[in-house]
$ cat query39.cif   # mmCIF, N, CA and C atoms
data_my_file
#
loop_
_atom_site.label_atom_id
_atom_site.label_comp_id
_atom_site.auth_asym_id
_atom_site.auth_seq_id
_atom_site.Cartn_x
_atom_site.Cartn_y
_atom_site.Cartn_z
N MET A 1 -195.64 -14.76 -134.35
CA MET A 1 -195.59 -13.33 -134.60
C MET A 1 -195.02 -13.07 -135.99
N LYS A 2 -195.41 -11.94 -136.55
CA LYS A 2 -195.01 -11.57 -137.90
C LYS A 2 -193.64 -10.89 -137.90
N LYS A 3 -192.61 -11.62 -138.37
CA LYS A 3 -191.29 -11.01 -138.45
C LYS A 3 -191.33 -9.91 -139.51
N THR A 4 -190.91 -8.73 -139.10
CA THR A 4 -191.00 -7.55 -139.95
C THR A 4 -189.62 -7.04 -140.32
N LEU A 5 -189.46 -6.71 -141.60
CA LEU A 5 -188.26 -6.05 -142.08
C LEU A 5 -188.58 -4.58 -142.31
N VAL A 6 -187.96 -3.71 -141.53
CA VAL A 6 -188.11 -2.27 -141.72
C VAL A 6 -187.11 -1.90 -142.82
N PHE A 7 -187.64 -1.51 -143.96
CA PHE A 7 -186.83 -1.28 -145.16
C PHE A 7 -186.66 0.21 -145.36
N GLY A 8 -185.41 0.67 -145.20
CA GLY A 8 -185.14 2.11 -145.23
C GLY A 8 -184.93 2.63 -143.82
N ALA A 9 -184.43 1.74 -142.96
CA ALA A 9 -184.24 2.07 -141.54
C ALA A 9 -183.20 3.17 -141.37
N SER A 10 -183.46 4.02 -140.39
CA SER A 10 -182.57 5.14 -140.10
C SER A 10 -182.14 5.12 -138.64
N LEU A 11 -180.92 5.58 -138.39
CA LEU A 11 -180.42 5.71 -137.03
C LEU A 11 -180.95 6.98 -136.35
N LYS A 12 -181.54 7.88 -137.13
CA LYS A 12 -182.04 9.15 -136.59
C LYS A 12 -183.37 8.94 -135.87
N PRO A 13 -183.44 9.27 -134.58
CA PRO A 13 -184.65 9.02 -133.79
C PRO A 13 -185.91 9.73 -134.29
N VAL A 14 -185.77 10.80 -135.06
CA VAL A 14 -186.94 11.53 -135.54
C VAL A 14 -187.54 10.91 -136.81
N ARG A 15 -186.86 9.96 -137.42
CA ARG A 15 -187.36 9.35 -138.65
C ARG A 15 -188.42 8.30 -138.33
N TYR A 16 -189.43 8.23 -139.19
CA TYR A 16 -190.53 7.29 -138.95
C TYR A 16 -190.05 5.83 -138.95
N SER A 17 -189.06 5.52 -139.75
CA SER A 17 -188.55 4.14 -139.76
C SER A 17 -187.95 3.78 -138.40
N ASN A 18 -187.28 4.72 -137.78
CA ASN A 18 -186.70 4.52 -136.45
C ASN A 18 -187.81 4.34 -135.41
N ILE A 19 -188.81 5.19 -135.50
CA ILE A 19 -189.96 5.09 -134.58
C ILE A 19 -190.65 3.74 -134.76
N ALA A 20 -190.79 3.30 -136.01
CA ALA A 20 -191.43 2.01 -136.28
C ALA A 20 -190.65 0.86 -135.64
N ILE A 21 -189.33 0.89 -135.75
CA ILE A 21 -188.52 -0.16 -135.12
C ILE A 21 -188.82 -0.19 -133.62
N ASN A 22 -188.81 0.97 -133.00
CA ASN A 22 -189.07 1.04 -131.55
C ASN A 22 -190.46 0.53 -131.18
N ARG A 23 -191.47 0.90 -131.94
CA ARG A 23 -192.84 0.46 -131.63
C ARG A 23 -193.02 -1.04 -131.86
N LEU A 24 -192.40 -1.56 -132.92
CA LEU A 24 -192.48 -3.00 -133.16
C LEU A 24 -191.81 -3.77 -132.03
N VAL A 25 -190.64 -3.31 -131.59
CA VAL A 25 -189.94 -3.95 -130.47
C VAL A 25 -190.80 -3.86 -129.21
N ASP A 26 -191.37 -2.68 -128.95
CA ASP A 26 -192.21 -2.49 -127.76
C ASP A 26 -193.40 -3.45 -127.75
N LYS A 27 -193.90 -3.80 -128.94
CA LYS A 27 -195.05 -4.71 -129.03
C LYS A 27 -194.61 -6.16 -129.24
N ASP A 28 -193.32 -6.42 -129.04
CA ASP A 28 -192.76 -7.78 -129.08
C ASP A 28 -192.81 -8.45 -130.45
N PHE A 29 -192.82 -7.67 -131.52
CA PHE A 29 -192.70 -8.25 -132.86
C PHE A 29 -191.23 -8.50 -133.15
N PRO A 30 -190.90 -9.62 -133.78
CA PRO A 30 -189.52 -9.81 -134.22
C PRO A 30 -189.23 -8.81 -135.34
N VAL A 31 -188.12 -8.09 -135.24
CA VAL A 31 -187.82 -7.01 -136.17
C VAL A 31 -186.41 -7.16 -136.73
N GLU A 32 -186.30 -6.92 -138.02
CA GLU A 32 -185.01 -6.80 -138.67
C GLU A 32 -185.04 -5.50 -139.43
N ALA A 33 -183.87 -4.99 -139.81
CA ALA A 33 -183.84 -3.68 -140.44
C ALA A 33 -182.77 -3.61 -141.52
N PHE A 34 -183.13 -2.92 -142.60
CA PHE A 34 -182.22 -2.67 -143.71
C PHE A 34 -182.15 -1.17 -143.93
N GLY A 35 -180.92 -0.65 -144.06
CA GLY A 35 -180.75 0.78 -144.31
C GLY A 35 -179.43 1.03 -145.01
N LEU A 36 -179.18 2.29 -145.30
CA LEU A 36 -177.94 2.65 -145.99
C LEU A 36 -176.73 2.53 -145.07
N ARG A 37 -176.95 2.78 -143.77
CA ARG A 37 -175.85 2.73 -142.80
C ARG A 37 -176.13 1.67 -141.75
N LYS A 38 -175.10 0.91 -141.42
CA LYS A 38 -175.21 -0.07 -140.35
C LYS A 38 -175.31 0.65 -139.02
N GLY A 39 -175.97 0.01 -138.06
CA GLY A 39 -176.08 0.56 -136.73
C GLY A 39 -177.04 -0.27 -135.92
N VAL A 40 -177.41 0.23 -134.76
CA VAL A 40 -178.33 -0.49 -133.88
C VAL A 40 -179.38 0.49 -133.37
N VAL A 41 -180.65 0.07 -133.43
CA VAL A 41 -181.76 0.84 -132.87
C VAL A 41 -182.53 -0.08 -131.94
N ASN A 42 -182.55 0.25 -130.67
CA ASN A 42 -183.31 -0.52 -129.68
C ASN A 42 -183.01 -2.02 -129.76
N GLY A 43 -181.74 -2.34 -129.91
CA GLY A 43 -181.32 -3.74 -129.97
C GLY A 43 -181.46 -4.40 -131.33
N VAL A 44 -181.96 -3.68 -132.31
CA VAL A 44 -182.14 -4.21 -133.66
C VAL A 44 -180.98 -3.73 -134.54
N ASN A 45 -180.27 -4.68 -135.14
CA ASN A 45 -179.18 -4.34 -136.04
C ASN A 45 -179.73 -3.86 -137.37
N ILE A 46 -179.23 -2.73 -137.84
CA ILE A 46 -179.55 -2.27 -139.18
C ILE A 46 -178.42 -2.79 -140.08
N GLU A 47 -178.80 -3.59 -141.06
CA GLU A 47 -177.84 -4.14 -142.02
C GLU A 47 -177.91 -3.32 -143.30
N ASN A 48 -176.81 -3.29 -144.06
CA ASN A 48 -176.83 -2.56 -145.31
C ASN A 48 -176.73 -3.48 -146.53
N GLN A 49 -176.94 -4.78 -146.30
CA GLN A 49 -177.06 -5.76 -147.38
C GLN A 49 -178.27 -6.63 -147.10
N LEU A 50 -178.93 -7.06 -148.17
CA LEU A 50 -180.17 -7.84 -148.01
C LEU A 50 -179.94 -9.33 -147.86
N ASP A 51 -178.71 -9.78 -147.98
CA ASP A 51 -178.42 -11.21 -147.92
C ASP A 51 -178.69 -11.84 -146.55
N PHE A 52 -178.82 -11.03 -145.52
CA PHE A 52 -178.96 -11.51 -144.15
C PHE A 52 -180.38 -11.95 -143.79
N PHE A 53 -181.35 -11.59 -144.57
CA PHE A 53 -182.73 -11.72 -144.14
C PHE A 53 -183.40 -12.98 -144.66
N LYS A 54 -184.09 -13.67 -143.74
CA LYS A 54 -184.81 -14.90 -144.06
C LYS A 54 -186.14 -14.91 -143.31
N ASP A 55 -187.10 -15.63 -143.85
CA ASP A 55 -188.39 -15.85 -143.18
C ASP A 55 -189.06 -14.54 -142.77
N ILE A 56 -189.09 -13.58 -143.68
CA ILE A 56 -189.74 -12.30 -143.42
C ILE A 56 -191.22 -12.41 -143.75
N HIS A 57 -192.07 -12.03 -142.81
CA HIS A 57 -193.51 -12.02 -143.06
C HIS A 57 -193.93 -10.71 -143.71
N THR A 58 -193.45 -9.60 -143.16
CA THR A 58 -193.87 -8.27 -143.61
C THR A 58 -192.65 -7.39 -143.88
N VAL A 59 -192.69 -6.71 -145.03
CA VAL A 59 -191.72 -5.66 -145.32
C VAL A 59 -192.48 -4.35 -145.20
N THR A 60 -192.00 -3.44 -144.36
CA THR A 60 -192.61 -2.13 -144.25
C THR A 60 -191.64 -1.11 -144.85
N LEU A 61 -192.09 -0.43 -145.91
CA LEU A 61 -191.22 0.43 -146.70
C LEU A 61 -191.16 1.86 -146.18
N TYR A 62 -189.92 2.36 -146.14
CA TYR A 62 -189.67 3.76 -145.77
C TYR A 62 -188.70 4.39 -146.77
N ILE A 63 -188.80 4.01 -148.05
CA ILE A 63 -188.00 4.67 -149.08
C ILE A 63 -188.93 5.09 -150.21
N ASN A 64 -188.58 6.18 -150.87
CA ASN A 64 -189.48 6.72 -151.89
C ASN A 64 -189.53 5.82 -153.13
N PRO A 65 -190.56 5.98 -153.94
CA PRO A 65 -190.75 5.10 -155.10
C PRO A 65 -189.55 5.04 -156.05
N LYS A 66 -188.89 6.14 -156.31
CA LYS A 66 -187.73 6.11 -157.21
C LYS A 66 -186.63 5.19 -156.68
N ARG A 67 -186.38 5.27 -155.39
CA ARG A 67 -185.33 4.44 -154.78
C ARG A 67 -185.76 2.98 -154.67
N GLN A 68 -187.06 2.72 -154.64
CA GLN A 68 -187.56 1.34 -154.55
C GLN A 68 -187.17 0.51 -155.77
N GLU A 69 -187.12 1.16 -156.93
CA GLU A 69 -186.88 0.43 -158.19
C GLU A 69 -185.66 -0.49 -158.11
N ALA A 70 -184.61 -0.03 -157.47
CA ALA A 70 -183.38 -0.82 -157.37
C ALA A 70 -183.56 -2.08 -156.52
N TYR A 71 -184.64 -2.13 -155.75
CA TYR A 71 -184.84 -3.25 -154.81
C TYR A 71 -186.03 -4.15 -155.16
N TYR A 72 -186.71 -3.89 -156.26
CA TYR A 72 -187.88 -4.70 -156.61
C TYR A 72 -187.58 -6.19 -156.53
N SER A 73 -186.57 -6.64 -157.27
CA SER A 73 -186.31 -8.09 -157.33
C SER A 73 -185.86 -8.64 -155.99
N LYS A 74 -185.06 -7.89 -155.25
CA LYS A 74 -184.59 -8.35 -153.94
C LYS A 74 -185.76 -8.53 -152.97
N ILE A 75 -186.70 -7.59 -152.98
CA ILE A 75 -187.86 -7.70 -152.08
C ILE A 75 -188.72 -8.89 -152.49
N VAL A 76 -188.94 -9.06 -153.78
CA VAL A 76 -189.73 -10.21 -154.25
C VAL A 76 -189.03 -11.52 -153.86
N GLU A 77 -187.70 -11.58 -153.97
CA GLU A 77 -186.95 -12.78 -153.60
C GLU A 77 -187.11 -13.13 -152.12
N LEU A 78 -187.34 -12.14 -151.28
CA LEU A 78 -187.56 -12.41 -149.86
C LEU A 78 -188.87 -13.16 -149.62
N GLN A 79 -189.78 -13.10 -150.60
CA GLN A 79 -191.09 -13.75 -150.53
C GLN A 79 -191.85 -13.44 -149.24
N PRO A 80 -191.99 -12.15 -148.90
CA PRO A 80 -192.79 -11.82 -147.73
C PRO A 80 -194.27 -12.09 -148.02
N LYS A 81 -195.06 -12.18 -146.99
CA LYS A 81 -196.50 -12.35 -147.17
C LYS A 81 -197.13 -11.03 -147.59
N ARG A 82 -196.56 -9.90 -147.08
CA ARG A 82 -197.11 -8.59 -147.43
C ARG A 82 -196.01 -7.53 -147.41
N VAL A 83 -196.30 -6.45 -148.15
CA VAL A 83 -195.45 -5.27 -148.16
C VAL A 83 -196.36 -4.09 -147.81
N ILE A 84 -195.95 -3.34 -146.79
CA ILE A 84 -196.70 -2.16 -146.38
C ILE A 84 -196.04 -0.93 -147.00
N PHE A 85 -196.84 -0.17 -147.73
CA PHE A 85 -196.39 1.09 -148.32
C PHE A 85 -196.84 2.21 -147.40
N ASN A 86 -195.90 2.73 -146.61
CA ASN A 86 -196.19 3.83 -145.69
C ASN A 86 -196.39 5.12 -146.48
N PRO A 87 -196.99 6.15 -145.86
CA PRO A 87 -197.20 7.41 -146.57
C PRO A 87 -195.90 7.92 -147.21
N GLY A 88 -196.01 8.29 -148.48
CA GLY A 88 -194.86 8.77 -149.23
C GLY A 88 -194.13 7.70 -150.01
N THR A 89 -194.52 6.44 -149.81
CA THR A 89 -193.85 5.34 -150.51
C THR A 89 -194.76 4.67 -151.55
N GLU A 90 -195.95 5.20 -151.74
CA GLU A 90 -196.92 4.60 -152.65
C GLU A 90 -196.31 4.45 -154.04
N ASN A 91 -196.56 3.26 -154.68
CA ASN A 91 -195.90 2.95 -155.93
C ASN A 91 -196.71 1.91 -156.71
N PRO A 92 -197.69 2.35 -157.54
CA PRO A 92 -198.52 1.41 -158.29
C PRO A 92 -197.74 0.42 -159.16
N GLU A 93 -196.62 0.84 -159.73
CA GLU A 93 -195.81 -0.08 -160.53
C GLU A 93 -195.33 -1.26 -159.67
N PHE A 94 -194.86 -0.96 -158.47
CA PHE A 94 -194.37 -2.02 -157.57
C PHE A 94 -195.54 -2.86 -157.05
N TYR A 95 -196.71 -2.23 -156.83
CA TYR A 95 -197.89 -3.01 -156.40
C TYR A 95 -198.12 -4.16 -157.38
N ARG A 96 -198.11 -3.83 -158.68
CA ARG A 96 -198.39 -4.84 -159.71
C ARG A 96 -197.37 -5.98 -159.68
N ILE A 97 -196.10 -5.62 -159.51
CA ILE A 97 -195.04 -6.64 -159.46
C ILE A 97 -195.26 -7.56 -158.26
N LEU A 98 -195.55 -6.98 -157.12
CA LEU A 98 -195.77 -7.77 -155.91
C LEU A 98 -196.99 -8.68 -156.07
N GLU A 99 -198.09 -8.12 -156.57
CA GLU A 99 -199.32 -8.90 -156.73
C GLU A 99 -199.12 -10.06 -157.70
N LYS A 100 -198.34 -9.85 -158.77
CA LYS A 100 -198.04 -10.94 -159.71
C LYS A 100 -197.26 -12.06 -159.03
N ASN A 101 -196.58 -11.73 -157.95
CA ASN A 101 -195.80 -12.71 -157.19
C ASN A 101 -196.52 -13.16 -155.92
N ASN A 102 -197.83 -12.94 -155.88
CA ASN A 102 -198.68 -13.37 -154.76
C ASN A 102 -198.25 -12.79 -153.42
N ILE A 103 -197.82 -11.53 -153.45
CA ILE A 103 -197.45 -10.82 -152.23
C ILE A 103 -198.49 -9.74 -152.00
N GLN A 104 -199.08 -9.75 -150.82
CA GLN A 104 -200.12 -8.79 -150.48
C GLN A 104 -199.55 -7.37 -150.40
N VAL A 105 -200.28 -6.43 -150.99
CA VAL A 105 -199.91 -5.02 -150.95
C VAL A 105 -200.84 -4.33 -149.96
N GLU A 106 -200.27 -3.59 -149.05
CA GLU A 106 -201.07 -2.84 -148.08
C GLU A 106 -200.57 -1.40 -148.07
N VAL A 107 -201.45 -0.47 -148.46
CA VAL A 107 -201.12 0.95 -148.43
C VAL A 107 -201.66 1.46 -147.10
N ALA A 108 -200.75 1.66 -146.16
CA ALA A 108 -201.15 1.99 -144.79
C ALA A 108 -199.96 2.58 -144.06
N CYS A 109 -200.19 2.96 -142.83
CA CYS A 109 -199.13 3.47 -141.98
C CYS A 109 -198.87 2.44 -140.88
N THR A 110 -197.66 1.92 -140.86
CA THR A 110 -197.29 0.93 -139.86
C THR A 110 -197.55 1.44 -138.44
N LEU A 111 -197.23 2.70 -138.20
CA LEU A 111 -197.41 3.26 -136.85
C LEU A 111 -198.88 3.29 -136.45
N VAL A 112 -199.76 3.61 -137.39
CA VAL A 112 -201.20 3.62 -137.11
C VAL A 112 -201.69 2.19 -136.90
N LEU A 113 -201.25 1.28 -137.75
CA LEU A 113 -201.67 -0.12 -137.60
C LEU A 113 -201.28 -0.66 -136.23
N LEU A 114 -200.08 -0.33 -135.78
CA LEU A 114 -199.64 -0.78 -134.45
C LEU A 114 -200.45 -0.12 -133.34
N ALA A 115 -200.71 1.18 -133.47
CA ALA A 115 -201.42 1.93 -132.43
C ALA A 115 -202.86 1.47 -132.28
N THR A 116 -203.44 0.96 -133.37
CA THR A 116 -204.84 0.54 -133.35
C THR A 116 -204.99 -0.98 -133.30
N ASN A 117 -203.90 -1.67 -133.01
CA ASN A 117 -203.88 -3.14 -132.91
C ASN A 117 -204.41 -3.83 -134.18
N GLN A 118 -204.10 -3.24 -135.35
CA GLN A 118 -204.51 -3.85 -136.62
C GLN A 118 -203.33 -4.41 -137.39
N TYR A 119 -202.16 -4.43 -136.75
CA TYR A 119 -200.96 -4.86 -137.44
C TYR A 119 -201.01 -6.36 -137.70
#

$ encode --input "query39.cif" --output "C-alpha cells"
Amino acid sequence: MKKTLVFGASLKPVRYSNIAINRLVDKDFPVEAFGLRKGVVNGVNIENQLDFFKDIHTVTLYINPKRQEAYYSKIVELQPKRVIFNPGTENPEFYRILEKNNIQVEVACTLVLLATNQY
C-alpha cells in the first residue's frame, strides 16, 4: 500500500486535510500527517516536525503555494514517488523542482481519487 503523508493536516473535522486522513484510514492506506499543531485524527498522529517521516510514497498537499516555498527542500528530501496538488495548492514552480528530482506531480483531488478508486 502507498504510505501517504497528509501535508497541512488539520484537527478541524471540516477541513479537507482532516477528511482525507479519515478516508485514507477507512480505505486501509498507511497514513502519516504533518501540520502546524500536534494532535490525533482517527488514530493518526499529526506531527509538527518533518524529521519523523520515512518511506513516504505519496505526499498530498493541503497548504497554499506561498506556504509551500518553506518546505520545498524538505519534501524533496523525503523522496516520495509522487506529490498530489489538491485544489488550491497548484504551484508550477514547485512542479518543476519535483520533476527535476524525478518525483511525479499529480494535480488532482485526493478525495476524488479515493472515491473513484484511482488513488

$ residues_around --input "query39.cif" --residues "stretch 106-118 of chain A" --least-positions-apart "2" --cutoff "12 Å" --atoms "only C-alpha atoms" --output "ChimeraX atom specification"
/A:4-7,15-29,58-62,81-92,94-95,98-99,103-104

$ select_by_dssp --input "query39.cif" --residues "stretch 2-100 of chain A" --states "strand (DSSP E)" --output "list in words"
Thr4, Leu5, Val6, Phe7, Val31, Glu32, Ala33, Phe34, Gly39, Val40, Val41, Val44, Asn45, Ile46, Glu47, Thr58, Val59, Thr60, Leu61, Arg82, Val83, Ile84 and Phe85 of chain A

$ atom_distance --input "query39.cif" --atom1 "atom C of A:Leu11" --atom2 "atom CA of A:Gly39"
8.1 Å

$ closest_residue --input "query39.cif" --among "A:Val14, A:Leu78, A:Met1, A:Ala9" --to "A:Lys54" --atoms "only N, CA and C atoms"
A:Leu78

$ atom_distance --input "query39.cif" --atom1 "atom CA of A:Tyr72" --atom2 "atom CA of A:Gly43"
27.5 Å

$ select_by_dssp --input "query39.cif" --residues "stretch 32-113 of chain A" --states "alpha helix (DSSP H)" --output "JSON, numbers by chain"
{"A": [65, 66, 67, 68, 72, 73, 74, 75, 76, 77, 78, 92, 93, 94, 95, 96, 97, 98, 99, 100, 110, 111, 112, 113]}

$ write_last_selection --input "query39.cif" --atoms "N, CA and C atoms" --output "PDB file, in the coordinates of the input"
ATOM      1  N   PRO A  65    -190.560   5.980-153.940  1.00  0.00           N
ATOM      2  CA  PRO A  65    -190.750   5.100-155.100  1.00  0.00           C
ATOM      3  C   PRO A  65    -189.550   5.040-156.050  1.00  0.00           C
ATOM      4  N   LYS A  66    -188.890   6.140-156.310  1.00  0.00           N
ATOM      5  CA  LYS A  66    -187.730   6.110-157.210  1.00  0.00           C
ATOM      6  C   LYS A  66    -186.630   5.190-156.680  1.00  0.00           C
ATOM      7  N   ARG A  67    -186.380   5.270-155.390  1.00  0.00           N
ATOM      8  CA  ARG A  67    -185.330   4.440-154.780  1.00  0.00           C
ATOM      9  C   ARG A  67    -185.760   2.980-154.670  1.00  0.00           C
ATOM     10  N   GLN A  68    -187.060   2.720-154.640  1.00  0.00           N
ATOM     11  CA  GLN A  68    -187.560   1.340-154.550  1.00  0.00           C
ATOM     12  C   GLN A  68    -187.170   0.510-155.770  1.00  0.00           C
ATOM     13  N   TYR A  72    -186.710  -3.890-156.260  1.00  0.00           N
ATOM     14  CA  TYR A  72    -187.880  -4.700-156.610  1.00  0.00           C
ATOM     15  C   TYR A  72    -187.580  -6.190-156.530  1.00  0.00           C
ATOM     16  N   SER A  73    -186.570  -6.640-157.270  1.00  0.00           N
ATOM     17  CA  SER A  73    -186.310  -8.090-157.330  1.00  0.00           C
ATOM     18  C   SER A  73    -185.860  -8.640-155.990  1.00  0.00           C
ATOM     19  N   LYS A  74    -185.060  -7.890-155.250  1.00  0.00           N
ATOM     20  CA  LYS A  74    -184.590  -8.350-153.940  1.00  0.00           C
ATOM     21  C   LYS A  74    -185.760  -8.530-152.970  1.00  0.00           C
ATOM     22  N   ILE A  75    -186.700  -7.590-152.980  1.00  0.00           N
ATOM     23  CA  ILE A  75    -187.860  -7.700-152.080  1.00  0.00           C
ATOM     24  C   ILE A  75    -188.720  -8.890-152.490  1.00  0.00           C
ATOM     25  N   VAL A  76    -188.940  -9.060-153.780  1.00  0.00           N
ATOM     26  CA  VAL A  76    -189.730 -10.210-154.250  1.00  0.00           C
ATOM     27  C   VAL A  76    -189.030 -11.520-153.860  1.00  0.00           C
ATOM     28  N   GLU A  77    -187.700 -11.580-153.970  1.00  0.00           N
ATOM     29  CA  GLU A  77    -186.950 -12.780-153.600  1.00  0.00           C
ATOM     30  C   GLU A  77    -187.110 -13.130-152.120  1.00  0.00           C
ATOM     31  N   LEU A  78    -187.340 -12.140-151.280  1.00  0.00           N
ATOM     32  CA  LEU A  78    -187.560 -12.410-149.860  1.00  0.00           C
ATOM     33  C   LEU A  78    -188.870 -13.160-149.620  1.00  0.00           C
ATOM     34  N   PRO A  92    -197.690   2.350-157.540  1.00  0.00           N
ATOM     35  CA  PRO A  92    -198.520   1.410-158.290  1.00  0.00           C
ATOM     36  C   PRO A  92    -197.740   0.420-159.160  1.00  0.00           C
ATOM     37  N   GLU A  93    -196.620   0.840-159.730  1.00  0.00           N
ATOM     38  CA  GLU A  93    -195.810  -0.080-160.530  1.00  0.00           C
ATOM     39  C   GLU A  93    -195.330  -1.260-159.670  1.00  0.00           C
ATOM     40  N   PHE A  94    -194.860  -0.960-158.470  1.00  0.00           N
ATOM     41  CA  PHE A  94    -194.370  -2.020-157.570  1.00  0.00           C
ATOM     42  C   PHE A  94    -195.540  -2.860-157.050  1.00  0.00           C
ATOM     43  N   TYR A  95    -196.710  -2.230-156.830  1.00  0.00           N
ATOM     44  CA  TYR A  95    -197.890  -3.010-156.400  1.00  0.00           C
ATOM     45  C   TYR A  95    -198.120  -4.160-157.380  1.00  0.00           C
ATOM     46  N   ARG A  96    -198.110  -3.830-158.680  1.00  0.00           N
ATOM     47  CA  ARG A  96    -198.390  -4.840-159.710  1.00  0.00           C
ATOM     48  C   ARG A  96    -197.370  -5.980-159.680  1.00  0.00           C
ATOM     49  N   ILE A  97    -196.100  -5.620-159.510  1.00  0.00           N
ATOM     50  CA  ILE A  97    -195.040  -6.640-159.460  1.00  0.00           C
ATOM     51  C   ILE A  97    -195.260  -7.560-158.260  1.00  0.00           C
ATOM     52  N   LEU A  98    -195.550  -6.980-157.120  1.00  0.00           N
ATOM     53  CA  LEU A  98    -195.770  -7.770-155.910  1.00  0.00           C
ATOM     54  C   LEU A  98    -196.990  -8.680-156.070  1.00  0.00           C
ATOM     55  N   GLU A  99    -198.090  -8.120-156.570  1.00  0.00           N
ATOM     56  CA  GLU A  99    -199.320  -8.900-156.730  1.00  0.00           C
ATOM     57  C   GLU A  99    -199.120 -10.060-157.700  1.00  0.00           C
ATOM     58  N   LYS A 100    -198.340  -9.850-158.770  1.00  0.00           N
ATOM     59  CA  LYS A 100    -198.040 -10.940-159.710  1.00  0.00           C
ATOM     60  C   LYS A 100    -197.260 -12.060-159.030  1.00  0.00           C
ATOM     61  N   THR A 110    -197.660   1.920-140.860  1.00  0.00           N
ATOM     62  CA  THR A 110    -197.290   0.930-139.860  1.00  0.00           C
ATOM     63  C   THR A 110    -197.550   1.440-138.440  1.00  0.00           C
ATOM     64  N   LEU A 111    -197.230   2.700-138.200  1.00  0.00           N
ATOM     65  CA  LEU A 111    -197.410   3.260-136.850  1.00  0.00           C
ATOM     66  C   LEU A 111    -198.880   3.290-136.450  1.00  0.00           C
ATOM     67  N   VAL A 112    -199.760   3.610-137.390  1.00  0.00           N
ATOM     68  CA  VAL A 112    -201.200   3.620-137.110  1.00  0.00           C
ATOM     69  C   VAL A 112    -201.690   2.190-136.900  1.00  0.00           C
ATOM     70  N   LEU A 113    -201.250   1.280-137.750  1.00  0.00           N
ATOM     71  CA  LEU A 113    -201.670  -0.120-137.600  1.00  0.00           C
ATOM     72  C   LEU A 113    -201.280  -0.660-136.230  1.00  0.00           C
TER      73      LEU A 113
END

$ atom_distance --input "query39.cif" --atom1 "atom C of A:Glu93" --atom2 "atom N of A:Lys74"
13.0 Å

$ resolve_selection --input "query39.cif" --expression "the PyMOL selection byres (((chain A and resi 51 and name CA) around 12) and name CA)" --output "mmCIF file with N, CA and C atoms, in the frame of the given file"
data_model
loop_
_atom_site.group_PDB
_atom_site.id
_atom_site.type_symbol
_atom_site.label_atom_id
_atom_site.label_comp_id
_atom_site.auth_asym_id
_atom_site.auth_seq_id
_atom_site.Cartn_x
_atom_site.Cartn_y
_atom_site.Cartn_z
ATOM 1 N N ALA A 33 -183.870 -4.990 -139.810
ATOM 2 C CA ALA A 33 -183.840 -3.680 -140.440
ATOM 3 C C ALA A 33 -182.770 -3.610 -141.520
ATOM 4 N N PHE A 34 -183.130 -2.920 -142.600
ATOM 5 C CA PHE A 34 -182.220 -2.670 -143.710
ATOM 6 C C PHE A 34 -182.150 -1.170 -143.930
ATOM 7 N N GLU A 47 -178.800 -3.590 -141.060
ATOM 8 C CA GLU A 47 -177.840 -4.140 -142.020
ATOM 9 C C GLU A 47 -177.910 -3.320 -143.300
ATOM 10 N N ASN A 48 -176.810 -3.290 -144.060
ATOM 11 C CA ASN A 48 -176.830 -2.560 -145.310
ATOM 12 C C ASN A 48 -176.730 -3.480 -146.530
ATOM 13 N N GLN A 49 -176.940 -4.780 -146.300
ATOM 14 C CA GLN A 49 -177.060 -5.760 -147.380
ATOM 15 C C GLN A 49 -178.270 -6.630 -147.100
ATOM 16 N N LEU A 50 -178.930 -7.060 -148.170
ATOM 17 C CA LEU A 50 -180.170 -7.840 -148.010
ATOM 18 C C LEU A 50 -179.940 -9.330 -147.860
ATOM 19 N N PHE A 52 -178.820 -11.030 -145.520
ATOM 20 C CA PHE A 52 -178.960 -11.510 -144.150
ATOM 21 C C PHE A 52 -180.380 -11.950 -143.790
ATOM 22 N N PHE A 53 -181.350 -11.590 -144.570
ATOM 23 C CA PHE A 53 -182.730 -11.720 -144.140
ATOM 24 C C PHE A 53 -183.400 -12.980 -144.660
ATOM 25 N N LYS A 54 -184.090 -13.670 -143.740
ATOM 26 C CA LYS A 54 -184.810 -14.900 -144.060
ATOM 27 C C LYS A 54 -186.140 -14.910 -143.310
ATOM 28 N N ASP A 55 -187.100 -15.630 -143.850
ATOM 29 C CA ASP A 55 -188.390 -15.850 -143.180
ATOM 30 C C ASP A 55 -189.060 -14.540 -142.770
ATOM 31 N N LYS A 74 -185.060 -7.890 -155.250
ATOM 32 C CA LYS A 74 -184.590 -8.350 -153.940
ATOM 33 C C LYS A 74 -185.760 -8.530 -152.970
ATOM 34 N N ILE A 75 -186.700 -7.590 -152.980
ATOM 35 C CA ILE A 75 -187.860 -7.700 -152.080
ATOM 36 C C ILE A 75 -188.720 -8.890 -152.490
ATOM 37 N N GLU A 77 -187.700 -11.580 -153.970
ATOM 38 C CA GLU A 77 -186.950 -12.780 -153.600
ATOM 39 C C GLU A 77 -187.110 -13.130 -152.120
ATOM 40 N N LEU A 78 -187.340 -12.140 -151.280
ATOM 41 C CA LEU A 78 -187.560 -12.410 -149.860
ATOM 42 C C LEU A 78 -188.870 -13.160 -149.620
#

$ closest_residue --input "query39.cif" --among "A:Asn45, A:Ser73, A:Gln79, A:Asn102" --to "A:His57" --atoms "all atoms listed in the file"
A:Gln79

$ residues_near_point --input "query39.cif" --point "(-180.6, 5.5, -148.2)" --cutoff "8 Å" --atoms "all atoms listed in the file" --output "list in words"
Gly8, Ala9, Gly35, Leu36, Arg37 and Ile63 of chain A

$ closest_residue --input "query39.cif" --among "A:Val76, A:Ile46, A:Asn101, A:Arg67" --to "A:Lys12" --atoms "only C-alpha atoms"
A:Ile46
